[in-house]
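What follows is the content of run.cif, which has mmCIF, C-alpha atoms:
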data_start
#
loop_
_atom_site.label_atom_id
_atom_site.label_comp_id
_atom_site.auth_asym_id
_atom_site.auth_seq_id
_atom_site.Cartn_x
_atom_site.Cartn_y
_atom_site.Cartn_z
CA MET A 88 -79.93 28.26 -24.12
CA PRO A 89 -76.73 26.55 -22.98
CA LEU A 90 -73.82 28.79 -22.08
CA PRO A 91 -70.70 26.64 -22.65
CA PHE A 92 -68.31 29.31 -21.39
CA LEU A 93 -70.05 29.36 -18.00
CA THR A 94 -69.27 25.77 -17.06
CA ALA A 95 -66.05 23.89 -17.41
CA ASP A 96 -65.95 20.41 -18.84
CA ARG A 97 -66.88 17.96 -16.13
CA THR A 98 -64.57 15.27 -17.43
CA PHE A 99 -61.74 16.44 -15.16
CA GLU A 100 -63.76 15.14 -12.21
CA ALA A 101 -63.95 11.61 -13.62
CA ALA A 102 -61.20 9.15 -12.90
CA SER A 103 -59.15 8.27 -15.95
CA GLU A 104 -55.77 6.78 -16.84
CA SER A 105 -54.73 9.93 -18.70
CA ALA A 106 -54.03 13.22 -16.95
CA LEU A 107 -56.11 14.86 -19.68
CA PRO A 108 -59.27 12.83 -20.26
CA TYR A 109 -60.46 14.99 -23.16
CA ASP A 110 -61.28 13.48 -26.54
CA ASP A 111 -60.84 16.67 -28.56
CA ARG A 112 -57.69 18.44 -27.42
CA GLU A 113 -57.87 21.05 -30.17
CA ARG A 114 -60.95 22.71 -28.66
CA TRP A 115 -60.26 25.61 -26.29
CA ARG A 116 -61.62 24.89 -22.81
CA ARG A 117 -61.39 26.33 -19.32
CA PRO A 118 -60.33 23.49 -16.99
CA TYR A 119 -62.16 25.00 -14.02
CA ARG A 120 -65.54 26.53 -13.29
CA PRO A 121 -65.93 30.28 -12.93
CA GLY A 122 -66.22 31.25 -9.29
CA PRO A 123 -69.42 32.39 -7.59
CA TRP A 124 -68.09 35.94 -7.24
CA ARG A 125 -67.48 36.24 -10.98
CA VAL A 126 -70.89 34.81 -11.84
CA GLY A 127 -72.56 37.03 -9.22
CA VAL A 128 -70.95 40.22 -10.51
CA ALA A 129 -71.90 39.31 -14.09
CA ALA A 130 -75.48 38.60 -12.99
CA MET A 131 -75.69 41.99 -11.27
CA VAL A 132 -74.39 43.73 -14.41
CA LEU A 133 -76.95 41.87 -16.53
CA LEU A 134 -79.68 42.89 -14.08
CA LEU A 135 -78.59 46.50 -14.45
CA ALA A 136 -78.59 46.05 -18.24
CA SER A 137 -82.20 44.83 -18.11
CA PHE A 138 -83.23 48.03 -16.33
CA VAL A 139 -81.31 50.09 -18.87
CA LEU A 140 -83.06 48.21 -21.71
CA PHE A 141 -86.40 48.98 -20.09
CA ALA A 142 -85.33 52.63 -19.90
CA ALA A 143 -84.43 52.51 -23.60
CA VAL A 144 -87.93 51.28 -24.46
CA ALA A 145 -89.52 53.93 -22.24
CA THR A 146 -87.33 56.61 -23.78
CA ALA A 147 -88.19 55.45 -27.29
CA LEU A 148 -91.91 55.64 -26.54
CA THR A 149 -91.82 59.04 -24.86
CA GLY A 150 -88.68 60.83 -26.01
CA SER A 151 -86.48 61.27 -28.98
CA ALA A 152 -85.06 58.43 -31.02
CA SER A 153 -81.47 59.60 -30.53
CA SER A 154 -81.83 59.42 -26.74
CA ALA A 155 -83.30 55.93 -26.99
CA VAL A 156 -80.41 54.80 -29.20
CA ALA A 157 -77.89 56.20 -26.69
CA VAL A 158 -79.55 54.32 -23.82
CA LEU A 159 -79.74 51.15 -25.95
CA VAL A 160 -76.02 51.38 -26.75
CA THR A 161 -75.32 51.74 -23.02
CA ALA A 162 -77.29 48.55 -22.33
CA LEU A 163 -75.44 46.69 -25.08
CA VAL A 164 -72.09 47.79 -23.65
CA LEU A 165 -73.16 46.49 -20.22
CA ILE A 166 -74.21 43.15 -21.72
CA ALA A 167 -70.95 42.84 -23.67
CA GLY A 168 -68.97 43.66 -20.51
CA ALA A 169 -70.80 41.02 -18.48
CA LEU A 170 -70.19 38.38 -21.14
CA ARG A 171 -66.52 39.32 -21.37
CA LEU A 172 -66.26 39.08 -17.59
CA LEU A 173 -67.54 35.51 -17.81
CA ARG A 174 -65.02 34.66 -20.56
CA MET A 175 -62.04 35.86 -18.52
CA GLY A 176 -59.66 33.21 -17.25
CA VAL A 177 -57.21 30.61 -18.46
CA TRP A 178 -58.13 28.42 -21.44
CA VAL A 179 -56.13 25.46 -22.74
CA SER A 180 -56.04 23.31 -25.84
CA GLY A 181 -53.52 21.11 -27.62
CA ARG A 182 -52.18 24.23 -29.35
CA GLY A 183 -51.33 26.24 -26.25
CA LEU A 184 -52.44 28.22 -23.23
CA ARG A 185 -54.67 31.28 -23.52
CA HIS A 186 -54.94 33.89 -20.76
CA ALA A 187 -58.07 35.94 -21.40
CA GLY A 188 -58.29 39.26 -19.59
CA PHE A 189 -61.04 41.87 -19.82
CA PHE A 190 -59.35 43.90 -22.57
CA LEU A 191 -56.46 41.69 -23.69
CA THR A 192 -56.04 38.00 -24.51
CA ARG A 193 -52.59 36.41 -24.73
CA THR A 194 -52.00 33.00 -26.31
CA THR A 195 -48.78 31.10 -25.67
CA PRO A 196 -48.04 27.97 -27.73
CA TRP A 197 -46.90 24.95 -25.74
CA ALA A 198 -43.58 25.05 -27.58
CA ARG A 199 -42.74 28.32 -25.78
CA VAL A 200 -43.86 27.12 -22.31
CA VAL A 201 -41.01 26.01 -20.06
CA SER A 202 -43.12 25.31 -16.98
CA VAL A 203 -46.31 26.14 -15.14
CA ARG A 204 -45.91 26.11 -11.37
CA THR A 205 -47.55 27.28 -8.16
CA VAL A 206 -45.63 29.77 -6.02
CA GLN A 207 -46.28 31.54 -2.73
CA GLN A 208 -46.09 35.31 -3.29
CA PRO A 209 -47.95 38.57 -2.71
CA VAL A 210 -50.97 38.67 -5.05
CA ARG A 211 -53.45 41.37 -5.93
CA TRP A 212 -56.74 41.15 -4.07
CA LEU A 213 -59.63 41.03 -6.62
CA GLY A 214 -57.42 42.84 -9.14
CA PHE A 215 -57.09 45.96 -6.97
CA PRO A 216 -53.66 47.46 -6.19
CA ARG A 217 -53.80 46.09 -2.63
CA THR A 218 -51.68 42.95 -2.27
CA VAL A 219 -52.07 40.08 0.18
CA GLN A 220 -50.06 36.91 0.71
CA GLY A 221 -51.39 34.08 -1.41
CA GLN A 222 -50.62 31.49 -4.03
CA ALA A 223 -50.21 32.17 -7.72
CA LEU A 224 -49.93 29.92 -10.73
CA VAL A 225 -47.18 31.37 -12.90
CA LEU A 226 -46.21 30.61 -16.47
CA VAL A 227 -42.51 30.48 -17.31
CA ARG A 228 -41.91 31.03 -21.02
CA GLU A 229 -38.61 30.38 -22.75
CA ASP A 230 -38.19 34.04 -23.70
CA ARG A 231 -39.11 35.49 -20.27
CA SER A 232 -38.71 34.72 -16.60
CA ALA A 233 -41.61 34.11 -14.22
CA GLU A 234 -41.24 37.61 -12.72
CA ASP A 235 -41.88 39.27 -16.10
CA THR A 236 -45.28 37.69 -16.69
CA PRO A 237 -48.46 38.24 -14.66
CA PRO A 238 -49.76 35.17 -12.82
CA LEU A 239 -52.30 33.01 -14.61
CA LEU A 240 -54.38 32.32 -11.51
CA THR A 241 -54.25 33.51 -7.91
CA THR A 242 -56.08 32.54 -4.75
CA HIS A 243 -57.58 36.03 -4.45
CA THR A 244 -59.37 36.49 -7.79
CA LEU A 245 -63.11 36.39 -8.47
CA ASP A 246 -62.82 32.68 -9.33
CA PHE A 247 -60.97 31.43 -6.27
CA LEU A 248 -61.61 33.87 -3.40
CA HIS A 249 -62.22 31.73 -0.27
CA ARG A 250 -62.03 28.54 -2.40
CA PRO A 251 -58.52 27.08 -1.89
CA VAL A 252 -59.56 23.57 -2.95
CA ALA A 253 -60.86 24.88 -6.28
CA PHE A 254 -57.60 26.79 -6.81
CA ASP A 255 -55.53 23.67 -6.09
CA ARG A 256 -57.62 21.58 -8.50
CA ALA A 257 -57.37 24.21 -11.28
CA ALA A 258 -53.62 24.63 -10.73
CA ASP A 259 -53.10 20.86 -10.82
CA MET A 260 -55.10 20.59 -14.03
CA LEU A 261 -53.16 23.38 -15.75
CA GLU A 262 -49.86 21.88 -14.61
CA ALA A 263 -50.99 18.50 -16.02
CA TRP A 264 -51.84 20.15 -19.36
CA ALA A 265 -48.42 21.80 -19.43
CA ALA A 266 -46.63 18.56 -18.54
CA GLU A 267 -48.50 16.41 -21.07
CA CYS A 268 -48.40 18.89 -23.94
CA GLY A 269 -44.74 19.62 -23.16
CA ARG A 270 -43.96 15.89 -23.44
CA GLU A 271 -45.75 15.73 -26.78
CA ARG A 272 -43.68 18.60 -28.23
CA GLY A 273 -40.40 17.37 -26.76
#
Here is a file; write its structure as structure tokens.
Amino acid sequence: MPLPFLTADRTFEAASESALPYDDRERWRRPYRPGPWRVGVAAMVLLLASFVLFAAVATALTGSASSAVAVLVTALVLIAGALRLLRMGVWVSGRGLRHAGFFLTRTTPWARVVSVRTVQQPVRWLGFPRTVQGQALVLVREDRSAEDTPPLLTTHTLDFLHRPVAFDRAADMLEAWAAECGRERG
């Protein structure tokens, strides 16, 4: 079964005249691949969910039905969390830029985007409160400044930890989307 959210479109690796070599710009796509840390954490959560599903079957065969349902619901929550973890990131289309978090997804139309740029600043390490010096890709909207919005990507997230080349490629691709879609609206 193909998992389209797990791999980014490979067309950004091909040489093309256009900065955005996509045929269908209305389809939401992530212009970078999820990092090995994100995929590894999701795989571990799915492995745990498989053990919980086995426990649900064992509980159903030996215990009460209500206990089995509770364990099954726990497994389904783990599976949904792992899939949501894989969907997290920045998605783009001709309509705008979508920043998908674990609990919240924000979509900004290109008409409201002033710029997307890379800055050197303290960033959160793997989403924890601890900050380290790194690079961040920030979105400047016309109604807010760059300091008011959280960064789209940083060099210390699950996707780009110890992968500076992948961060640079993803940042360049998102900046190209912002530049080209900004030209189309302006």
For this session: Specify as a VMD selection string each residue included when the PyMOL selection byres ((chain A and resi 205) around 12) is applied to this file.
Result: chain A and resid 202 to 204 206 to 208 221 to 227 233 238 to 242 254 to 262
For this session: Pick out the residues sitting within 9 Å of Arg114 (chain A), and hand them over as a ChimeraX atom specification; count only C-alpha atoms, and ignore anything fewer than 4 positions along from it in its own chain.
Result: /A:179-182
Exercise. Selected by the PyMOL selection byres ((chain A and resi 245) around 12) in the shown coordinates: which residues, as a count of residues only?
Worked result: 31
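From CA of Val219 (chain A) back to CA of Ala130 (chain A), the distance works out to 26.9 Å.
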Exercise. Between A:His186, A:Val158, A:Ser153, A:Trp197, which one has atoms that come closest to Phe141 (chain A), using only C-alpha atoms?
Worked result: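 For Phe141 (chain A), the nearest of the given residues is A:Val158.
Minimum atom-to-atom distances from A:Pro251, A:Ala263, A:Pro237, A:Trp178 to Pro209 (chain A) were compared using only C-alpha atoms, and the lowest value belongs to A:Pro237.
Shortest atom-to-atom contact with Ala143 (chain A) among A:Met131, A:Glu113, A:Leu163, A:Phe190: A:Leu163, counting all atoms listed in the file.
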N, CA, C and O atoms for region 196-215 of chain A, written as a tab-separated table (two decimals), in the coordinates of the input, could you do that?
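Wrote it out as rebuild.tsv, contents follow:
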chain	number	residue	atom	x	y	z
A	196	PRO	N	-48.11	29.36	-27.28
A	196	PRO	CA	-48.04	27.97	-27.73
A	196	PRO	C	-47.25	27.12	-26.74
A	196	PRO	O	-46.35	27.61	-26.06
A	197	TRP	N	-47.58	25.84	-26.68
A	197	TRP	CA	-46.90	24.95	-25.74
A	197	TRP	C	-45.40	24.87	-26.03
A	197	TRP	O	-44.61	24.60	-25.12
A	198	ALA	N	-45.00	25.11	-27.25
A	198	ALA	CA	-43.58	25.05	-27.58
A	198	ALA	C	-42.79	26.14	-26.86
A	198	ALA	O	-41.59	25.99	-26.64
A	199	ARG	N	-43.42	27.23	-26.47
A	199	ARG	CA	-42.74	28.32	-25.78
A	199	ARG	C	-42.87	28.24	-24.26
A	199	ARG	O	-42.31	29.05	-23.55
A	200	VAL	N	-43.64	27.26	-23.75
A	200	VAL	CA	-43.86	27.12	-22.31
A	200	VAL	C	-42.76	26.25	-21.72
A	200	VAL	O	-42.56	25.11	-22.14
A	201	VAL	N	-42.02	26.79	-20.76
A	201	VAL	CA	-41.01	26.01	-20.06
A	201	VAL	C	-41.65	25.26	-18.91
A	201	VAL	O	-41.45	24.06	-18.75
A	202	SER	N	-42.44	25.97	-18.09
A	202	SER	CA	-43.12	25.31	-16.98
A	202	SER	C	-44.30	26.16	-16.53
A	202	SER	O	-44.38	27.36	-16.79
A	203	VAL	N	-45.20	25.49	-15.82
A	203	VAL	CA	-46.31	26.14	-15.14
A	203	VAL	C	-46.24	25.63	-13.71
A	203	VAL	O	-46.28	24.43	-13.47
A	204	ARG	N	-46.08	26.55	-12.75
A	204	ARG	CA	-45.91	26.11	-11.37
A	204	ARG	C	-46.60	27.05	-10.40
A	204	ARG	O	-46.82	28.22	-10.70
A	205	THR	N	-46.90	26.51	-9.22
A	205	THR	CA	-47.55	27.28	-8.16
A	205	THR	C	-46.48	27.83	-7.23
A	205	THR	O	-45.58	27.10	-6.81
A	206	VAL	N	-46.58	29.13	-6.92
A	206	VAL	CA	-45.63	29.77	-6.02
A	206	VAL	C	-46.39	30.56	-4.96
A	206	VAL	O	-47.52	30.99	-5.18
A	207	GLN	N	-45.75	30.72	-3.81
A	207	GLN	CA	-46.28	31.54	-2.73
A	207	GLN	C	-45.71	32.94	-2.92
A	207	GLN	O	-44.49	33.11	-2.94
A	208	GLN	N	-46.57	33.95	-3.05
A	208	GLN	CA	-46.09	35.31	-3.29
A	208	GLN	C	-47.21	36.30	-2.97
A	208	GLN	O	-48.36	35.90	-2.84
A	209	PRO	N	-46.88	37.58	-2.86
A	209	PRO	CA	-47.95	38.57	-2.71
A	209	PRO	C	-48.76	38.65	-4.01
A	209	PRO	O	-48.20	38.69	-5.10
A	210	VAL	N	-50.08	38.62	-3.89
A	210	VAL	CA	-50.97	38.67	-5.05
A	210	VAL	C	-51.95	39.81	-4.87
A	210	VAL	O	-52.23	40.24	-3.75
A	211	ARG	N	-52.47	40.28	-5.98
A	211	ARG	CA	-53.45	41.37	-5.93
A	211	ARG	C	-54.80	40.82	-5.48
A	211	ARG	O	-55.24	39.78	-5.93
A	212	TRP	N	-55.46	41.55	-4.61
A	212	TRP	CA	-56.74	41.15	-4.07
A	212	TRP	C	-57.85	41.65	-5.01
A	212	TRP	O	-58.03	42.85	-5.17
A	213	LEU	N	-58.55	40.73	-5.67
A	213	LEU	CA	-59.63	41.03	-6.62
A	213	LEU	C	-59.20	41.99	-7.73
A	213	LEU	O	-60.00	42.74	-8.27
A	214	GLY	N	-57.92	41.98	-8.07
A	214	GLY	CA	-57.42	42.84	-9.14
A	214	GLY	C	-57.13	44.26	-8.72
A	214	GLY	O	-56.66	45.06	-9.53
A	215	PHE	N	-57.38	44.61	-7.46
A	215	PHE	CA	-57.09	45.96	-6.97
A	215	PHE	C	-55.60	46.08	-6.65
A	215	PHE	O	-54.91	45.08	-6.51
